[in-house]
Structures are given as C-alpha cells and as structure tokens.
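Worksheet: the structure to be examined is printed underneath.
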Amino acid sequence: MAIDMSQFLDTFYEESFEGLDIMESELLNLDEGDADSETINTIFRAAHSIKGGSGTFGLNAVAEFTHILETLLDEMRDGRREPTEEANNTMLASVDVLRGMLTALRDNMDLEVDRIAATQKDLETLLNNGSPSVDTVASESTPTTVGETSVVGWDIVFKPHTNLFATGNDPVRIIRELETLGELLIDLDDSRLPPFEEMSPEECYLGWTAKLTGNVDRGAIEEVFSWVEDECDLEITPVKNETSEAVKGPTALPAADERRTSGDRRTGERRTKSGGAAESSSIRVGIDKVDSVINLVGELVITQSMLSTLGEDFDTKNLNRLIEGLDQLELNTRQLQEEVMRMRMMPISFAFQRFPRLVHDYSQKNGKKIELLMTGEQTELDKTVMEKIGDPLTHLVRNSLDHGLETPEERIASGKPEMGTINLNAYHQGGNIVIEIRDDGRGLNSEKIRAKAIEKGLIEEGARLEQEKIYELIMLPGFSTADVISDVSGRGVGMDVVVKNIQALSGKIEVSSEAGKGSVFTIRLPLTLAILDGQTVAVGKEDYIVPLVSIIESIQLKPEMLNAVVGKGETFKLRNEHLPIIRLHKIFNAEPVNIELTEGLLVVVEGEGKKVGLFVDELRGQQQVVIKSLEANYRRIEGISGATILGDGSVALILDIPGLIKLSNNEVMTEYQSRKIA
Amino acid sequence: MAVKILAVDDSASMRQMVTFTLKGAGYDVEEAEDGQKALDKAKGDKFNLVISDVNMPVMDGITLIKELRTLADYKFIPILMLTTESTSDKKQEGKSAGATGWIVKPFNPEQLLETVKKVVG
C-alpha cells in the first residue's frame with residue numbers, strides 16, 4: 001500500500017508556521033526575564049512537533065536543522081543550560097531560517113543553503129560551547145553479537161512475568177510474530193500455573209520454549225520481544241551448524257544514516273509529484289464550531305421533514321402549525337448562517353503576533369525602549385479581513401515606533417518614563433471590530449502638519465481647520481512629515497495607502513492625538529465582508545441596497561432646502577451644510593416614479609468623509625444581505641459594490657457610496673464643462 | 001465490529017496521516033489533540049487501541065497512559081506511544097506507565113499499519 005504523503009503536507013506546513021509563530025513569541029518572552037520552565041517547554045514542544053512531522057513527511061533538511069535546535073532546547077528544559085541572550089538571538093534566527101525553509105519547500109523553490117548552513121553552524125557552536133559534559137548524542141545502535149551468520153536456528157525460552165498483561169501485551173501476538181520469521185516449534189511451560197482457586201485472570205502464568213529454524217538474525221528476534229524485554233525472562237541461544245565456522249563481522253542494525261538516505265529519496269519523489277500544485281488556502285476550524293453546525297443542520301432536517309409532512313395533505317386548520325414550522329425554519333436558518341459565518345472568524349491574535357518581534361527588533365536596532373501591550377487578542381474577525389488588515393496595521397505600528405515614540409533621552413527630558421508604550425487593543429462594537437493603536441509618544445504636531453500641507457498644496461494658506469481635520473491631512477496622498485526617511489517607515493508609502501486598504505475593507509480610520517502625550521489610531525472594520533446590513537431603496541421598478549453603515553438619515557425635501565449651484569449641480573441645505581444631490585435614476589438610467597425632488601425621498605449618506613443626498617422614490621425594508629461579487633459574475637461597475645438576491649428572488653444591486661460620489665462629481669464636472677463650452 | 005482506534009497527537013498533520021492510513025485499512029479511528037481530550041473520549045467510548053504522542057500540551061502521553069491504565073476498560077487495552085525520543089529513557093518511562101509498545105517517529109504509513117496489525121489484528 002502506498003500512501004501519498006503530500007496530501008498531509010498542507011496541514012503540516014500550516015501547523016509548522018503556527019508552531020514557529022509560537023516559538024517566536026515565546027522566545028521573545030524569554031528575552032524579558034528569567035526562563036520559566038513552561039515557556040521553554042512550549043518552545044521545545046513546537047520544535048519537537050516540527051522535527052517529528054518533517055521527518056515523517058520526508059523533509060529531512062528541516063528535520064536535521066530542527067534536531068539541533070531541539071537538542072539545545074532540551075538542555076535548557078532540563079536545566080542543563082542557561083538561556084543566554086546569545087542563545088536566544090540564535091534561536092530567533094533559526095525560527096526565521098525554518099520559516100524560510102518551509103516556505104521554500106512548500107512553494108517548490110530553492111533552499112537558501114548558505115543562510116541555513118550559517119545558522120546551523122551558529123547553533124552547533126552554541127551547542128558545543130559550554131555544553132554539559134553529558135554526552136548528548138546517545139548511541140543508538142547496540143553492538144550485535146558477532147558470528148551468527150552460521151546459525152541454523154534459535155532456541156528461545158520466553159517466560160513472561162505475571163504482570164505482562166498490565167502493559168496491554170499479549171504473548172500470543174509475540175508467538176505469532178515469531179512464526180513469521182521461520183519454522184517454529186513450540187512447547188508450553190505451565191509449571192508456574194497456580195491452583196485454580198488462586199488463579200487471577202489478570203496475570204500471566206504461562207511460559208514457552210520455542211525452536212525457531214531458519215536463517216534468522218538475532219536482531220529480528222529481539223525486535224519481536226522489544227516491547228516486553230522488561231516484562232519477561234528471555235533466553236535466545238543460537239543453534240549452530242556444527243560444520244560451519246563463525247564468520248566475524250558486525251551485522252549492522254539499520255542505522256540512522258540509512259534511514260536518512262531513504263528519506264531523501266522520498267523528498268525527491270514528493271517534489272516532482274506536487275510540482276506546480278495550486279496553493280489552496282485552508283482554514284482551521286474548532287471542533288465545537290463544526291459540531292454546532294452539524295447540530296443545527298440536524299434541527300433543520302427535522303423542521304424540514306415536519307413541514308413536508310404538513311404539506312402532504314394540507315388542511316387550513318393546520319395553518320397555525322405551518323406558521324410555527326416556518327418560524328422554526330427561519331430560526332434554524334438564521335442560526336445556521338451565524339454559525340457558518342463564525343467558522344470564518346479567527347482571533348485577531350493571528351494579526352497581532354508579528355508585532356512583538358517587530359518591536360523587539362526595532363528597539364534593539366534603534367535604541368528606543370519600548371513596551372508592547374496587547375489586549376483583546378481573542379477578539380474574532382473574518383479571515384479575509386484579517387489577512388488584509390495585517391499590512392495596514394504593520395504600517396501604523398511602524399509609524400508609531402518611528403515617528404510617535406521618542407528616544408529614551410528625549411522622554412526623560414520631557415519628564416516621561418524612559419520606556420515608551422505601544423498599546424494594541426481590539427474589541428467588538430456593534431457589528432464592527434475596533435482596533436486601536438495607541439502610543440504614549442510625542443503626539444502629532446499640528447503646526448508641522450499644517451505647514452507641510454500648505455507646502456504640498458493640500459490646503460490654502462490661512463485656511464481655518466479644526467484640530468481633527470488637521471490630523472486627517474496626514475492621510476492624504478502625497479503627505480509625509482518624516483524629515484529623514486528611515487528603513488522602518490516613510491518608504492514613500494504613505495498613510496493614504498493605509499487608508500485606502502482600510503476603506504477597501506469597508507472600514508474607517510480615525511486619528512486623535514495630544515501633543516506630548518501620544519496618539520491613537522482607531523480602525524473600525526466590519527466583522528465580515530460576506531454579509532452586509534442594508535437598506536433597500538426603490539427607484540422606479542428597481543431595488544437598490546444602501547449599506548446601513550453609510551446612512552446618516554433619510555429626509556423629505558422641502559422646496560426652501562433646495563439650491564442649484566453652477567458647477568456643483570443640485571444641492572440641498574441640511575442644517576448648516578450644503579450637500580450635493582445624486583439622482584440615482586439618472587446615474588443608473590432608470591425610469592423613476594418621481595422627478596420632482598420634493599416628491600421623493602432623500603437618503604443622506606456618507607462616504608470617505610463626504611456627505612451627499614441620494615434621491616430615491618421610496619424606502620423599503622432593512623435586511624441583512626449576502627454580497628455576491630459582480631466582478632466574478634459580470635464585470636466591475638463604478639458605483640456598484642456587488643449584488644444580492646432578495647427574498648422574492650429578484651436581484652438588487654448594492655451601492656458603493658464612495659464610488660457613487662466620485663462618479664457624480666465627474667458627471668457634474670463634464671456637464672458643467674460641456675455647458676461652459678456651449 | 002470494526003476495531004476502534006484512538007489517535008492522539010497535538011500535530012494535526014500527524015493525526016491526519018494516522019487517521020488516513022488506518023481508516024484506509026478499515027479501522028474505525030477517532031482523534032484527540034491532547035491527553036486530556038483523549039482521556040475524555042476514552043471514557044465516553046471503548047477503543048480497542050490507543051496510539052498516543054508523548055509530547056503534548058495540557059496532558060502529555062505518559063500521563064495519559066497512566067490515567068488510562070487506572071480505568072477498568074483500558075486496563076489491558078494495547079496503548080502504543082508515538083515517540084521521537086531515540087534514547088531509551090523515554091521508552092522506559094512509557095513502559096513503566098503501562099505502554100504496550102512504541103512506534104518511533106519518523107515512521108511511514110506502512111510501518112504504522114504493520115505495527116497496528118500486529119497488535120490488534
């Protein structure tokens with residue numbers, strides 16, 4: 001039977017990367033103080049699992065490398081070695097090397113041989129330096145008795161101890177196994193059998209003597225008894241062919257080297273087999289979540305069968321039961337939806353876990369003393385959102401490290417503790433997840449920002465802006481206050497990219513800051529991208545979905561609120577603001593019921609900080625809609641973020657508010673320009 | 001009745017491999033990711049063989065074997081250790097805890113199946 005091991009590799013890579021992340025974060029914990037045994041044990045276990053798995057799955061380079069790391073950790077675990085800073089840094093480097101090796105193997109790329117060898121050498125030096133006098137490499141093979149090639153058979157006396165059964169061993173199995181080696185003649189020795197009344201069924205009283213004939217290696221016989229060698233008296237004596245002479249020479253056990261080479265062959269095969277295999281992304285889901293879904297599906301089936309029984313010969317007197325059944329169905333479906341959505345949810349710790357290393361490396365390199373605090377790491381969010389939020393978060397944390405936090409000298413001079421703090425916090429609020437990046441650094445300098453914005457032509461000189469608006473300027477394209485471009489942040493990728501990424505996830509980012517006290521960046525993201533709370537609006541015969549998060553209010557226009565501004569199209573006055581009106585029927589070429597603005601309804605929405613009024617015929621219900629990609633099924637359309645299927649089976653388009661605003665601006669501009677030309 | 005086997009390992013890929021191999025050979029396999037979960041499963045069911053890793057979080061394999069041996073249902077059931085430790089002291093520790101035998105990692109599916117067949121037929 002040949003089993004293709006490559007099918008388990010995806011899981012192996014996934015868990016190994018997780019293991020490496022754990023090793024990394026625990027190694028960083030070690031950095032902060034003395035080594036507690038549980039921390040070292042956790043690191044050891046991760047390394048151990050990677051070693052075991054890589055050996056089994058034929059990734060021998062990884063197994064070999066991890067073995068050295070494991071030996072080092074084993075010595076620390078047993079207290080034979082102190083965790084020094086040097087050891088710690090080497091082990092951190094090993095984590096990086098292993099990550100590189102696994103990535104390369106997974107993607108069928110070449111290994112970085114030099115880097116691996118260099119780190120391996122560091123590890124070995126570490127291991128040999130000040131290593132305990134205890135011989136760490138236990139000799140595996142026991143010397144075999146020589147000169148047994150001439151034997152023609154074996155006499156075996158096997159007397160199990162009475163406690164043999166207590167280890168789950170069975171003498172019958174052992175005898176059967178002996179039978180497979182050669183011709184077996186067996187005699188029972190029942191001399192130890194006690195009188196019946198003293199007999200215990202849990203003890204073994206029997207013994208056997210056997211004669212095994214054939215060209216059998218002693219090692220093979222010992223192997224049969226290896227599990228019970230301490231639970232029995234065993235004598236194995238060769239039966240010699242009297243004419244033949246003993247030939248001297250070691251009969252080698254299958255040694256470690258041999259195993260290694262056969263393993264290498266396996267690797268080769270695997271690589272050709274899995275070459276070019278498409279990378280499939282997978283998700284690890286807790287058993288409890290799966291169980292709960294299965295449970296709900298069970299309930300759904302019950303409800304369904306109840307309903308179909310009811311439907312077989314329906315009588316109006318059963319109407320109440322039908323309604324009950326339908327209610328039950330709705331409940332089941334909603335719960336099922338929630339549970340399935342929950343499967344995609346992962347704790348944000350997956351996104352946070354890269355930061356301890358980032359902060360550690362940064363503070364070592366730049367001489368800033370920084371403490372990283374993380375709270376709410378168990379807050380869950382959608383896997384897709386998580387994958388896309390990693391980079392923006394990294395950018396923000398780097399910004400705080402680089403621009404926010406001061407050097408220890410500066411901090412002491414301004415009466416602050418020498419150690420700066422960065423606090424990452426996540427929590428749920430409404431249907432959103434909120435992530436805060438808070439530092440206790442110097443805060444944003446509004447004067448500097450203002451000057452820069454004027455210099456870059458982002459605002460007019462003398463423009464009056466509220467404090468908050470000034471902070472928001474840093475998020476505009478082409479803005480960067482860093483005087484010196486460091487390799488941490490300020491690589492030309494500005495805050496505007498962060499903002500764009502967050503907006504692509506239907507999220508928002510806010511800044512608040514106090515000079516000398518620090519800054520807080522707050523990101524708000526929807527929990528999932530697959531479902532949206534929507535308000536259905538009607539324009540003529542068509543239904544559109546407006547994301548509920550972007551709606552501020554809905555109003556009926558009065559004639560005195562209306563205003564038309566040249567070059568800006570139709571506007572209306574809402575309290576103190578003049579806001580543009582977007583006629584949805586015009587944008588989507590629909591036949592409206594109402595042309596007069598005062599007859600329809602205006603839904604006031606906000607997108608990318610701009611407010612507009614959407615002119616619609618009427619409001620329909622609010623509901624959760626499942627977003628279907630329009631790009632995947634048709635093509636991308638400006639102003640539309642997707643489509644959904646409504647309860648009655650019709651398709652409704654989901655509006656992309658920022659896109660609509662942009663679209664209507666262009667339209668007004670072209671209209672204005674064409675009118676000017678005319 | 002199919003032979004029921006409990007496979008215990010904190011590594012998902014090892015569990016997958018063990019389960020796939022044994023199920024393919026017609027055994028009934030359940031998985032547990034640490035000693036504690038294995039013990040809970042073992043109590044709620046009756047397995048004919050337990051295959052357990054040694055190094056695991058929450059409860060390690062040695063403790064699991066000791067605990068299992070205190071249960072009437074598992075007093076004589078074969079328990080195999082999956083071990084990477086080539087040194088004999090880990091094996092010894094497992095043996096004195098009540099392990100039937102061991103399978104040394106790295107192993108291939110064929111070796112696993114051969115050993116399991118030996119023990120439970």
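All residue names refer to the structure tokens as shown: chains lettered A, B, ... in order, residues numbered from 1 in each chain, ligands numbered from 1 in order.
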Taking the chain letters and numbering used in this document, name the residues of segment 13-94 of chain B that DSSP puts in helix (DSSP H, G or I), as a PyMOL selection string. chain B and resi 13-24+35-44+61-69+72-74+88-94
If we count only C-alpha atoms, which residues of chain A reach to within 9 Å of chain B? Please list them as a PyMOL selection string. chain A and resi 1-3+5+7-16+42+45+48-58+137-140+165-170+173-174+176-177+202+226-228+230
I need the chosen residues saved as a compact mmCIF listing (two decimals), in the first residue's frame, with C-alpha atoms.
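Final output, part-v2.txt:
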# COMPACT_ATOMS: atom_id res chain seq x y z
CA MET A 1 0.00 0.00 0.00
CA ALA A 2 1.49 3.30 -1.00
CA ILE A 3 0.10 6.39 0.60
CA MET A 5 2.20 11.73 1.94
CA GLN A 7 -1.71 15.26 0.92
CA PHE A 8 -0.84 15.91 4.56
CA LEU A 9 1.79 18.49 3.74
CA ASP A 10 -0.57 21.46 3.62
CA THR A 11 -1.63 20.77 7.16
CA PHE A 12 1.94 20.16 8.19
CA TYR A 13 3.10 23.48 6.74
CA GLU A 14 0.21 25.30 8.32
CA GLU A 15 0.78 23.90 11.78
CA SER A 16 4.52 24.34 11.46
CA THR A 42 6.23 25.34 24.93
CA ARG A 45 7.20 21.23 22.03
CA HIS A 48 9.69 18.87 18.57
CA SER A 49 6.50 18.71 16.54
CA ILE A 50 8.19 20.28 13.53
CA LYS A 51 11.02 17.82 13.79
CA GLY A 52 8.73 14.83 14.09
CA GLY A 53 6.49 15.91 11.25
CA SER A 54 9.28 16.94 8.90
CA GLY A 55 10.96 13.59 9.40
CA THR A 56 7.75 11.72 8.77
CA PHE A 57 6.87 13.74 5.70
CA GLY A 58 10.33 13.36 4.26
CA VAL A 137 24.23 12.05 21.35
CA ALA A 138 23.16 8.75 22.75
CA SER A 139 24.46 5.86 20.79
CA GLU A 140 21.52 4.33 19.06
CA PHE A 165 -0.95 -8.10 30.64
CA ALA A 166 -0.78 -4.82 32.55
CA THR A 167 1.01 -3.20 29.60
CA GLY A 168 -1.58 -4.48 27.15
CA ASN A 169 0.83 -7.01 25.72
CA ASP A 170 -0.27 -10.44 24.65
CA ARG A 173 0.80 -11.93 19.49
CA ILE A 174 4.51 -12.35 20.18
CA ARG A 176 2.52 -15.36 16.11
CA GLU A 177 5.12 -12.83 15.17
CA GLU A 202 -5.22 -10.57 35.11
CA SER A 226 11.50 -5.48 22.33
CA TRP A 227 8.24 -4.26 23.85
CA VAL A 228 8.30 -6.84 26.61
CA ASP A 230 11.44 -5.89 30.90
Secondary structure check, strand (DSSP E or B) residues of chain B, as an mmCIF file with C-alpha atoms, in the first residue's frame:
data_model
loop_
_atom_site.group_PDB
_atom_site.id
_atom_site.type_symbol
_atom_site.label_atom_id
_atom_site.label_comp_id
_atom_site.auth_asym_id
_atom_site.auth_seq_id
_atom_site.Cartn_x
_atom_site.Cartn_y
_atom_site.Cartn_z
ATOM 1 C CA LYS B 4 -11.809 1.226 17.157
ATOM 2 C CA ILE B 5 -8.611 3.171 17.455
ATOM 3 C CA LEU B 6 -7.986 6.449 19.265
ATOM 4 C CA ALA B 7 -5.197 8.514 17.696
ATOM 5 C CA VAL B 8 -3.732 11.185 19.970
ATOM 6 C CA ASP B 28 -12.542 2.945 12.902
ATOM 7 C CA VAL B 29 -10.444 5.928 14.002
ATOM 8 C CA GLU B 30 -11.116 8.861 16.283
ATOM 9 C CA GLU B 31 -8.724 11.689 17.008
ATOM 10 C CA ALA B 32 -7.786 13.720 20.052
ATOM 11 C CA LEU B 49 -6.238 0.503 20.718
ATOM 12 C CA VAL B 50 -4.844 3.882 21.708
ATOM 13 C CA ILE B 51 -1.956 5.419 19.768
ATOM 14 C CA SER B 52 -0.541 8.457 21.504
ATOM 15 C CA ASP B 53 2.171 11.018 21.008
ATOM 16 C CA ILE B 79 -1.521 1.514 24.045
ATOM 17 C CA LEU B 80 1.228 2.495 21.628
ATOM 18 C CA MET B 81 3.450 5.533 22.020
ATOM 19 C CA LEU B 82 4.487 7.631 19.070
ATOM 20 C CA THR B 83 7.896 8.802 20.046
ATOM 21 C CA GLY B 101 4.950 -0.599 22.859
ATOM 22 C CA TRP B 102 6.064 2.228 20.658
ATOM 23 C CA ILE B 103 6.350 3.447 17.114
ATOM 24 C CA VAL B 104 9.400 5.615 16.523
#
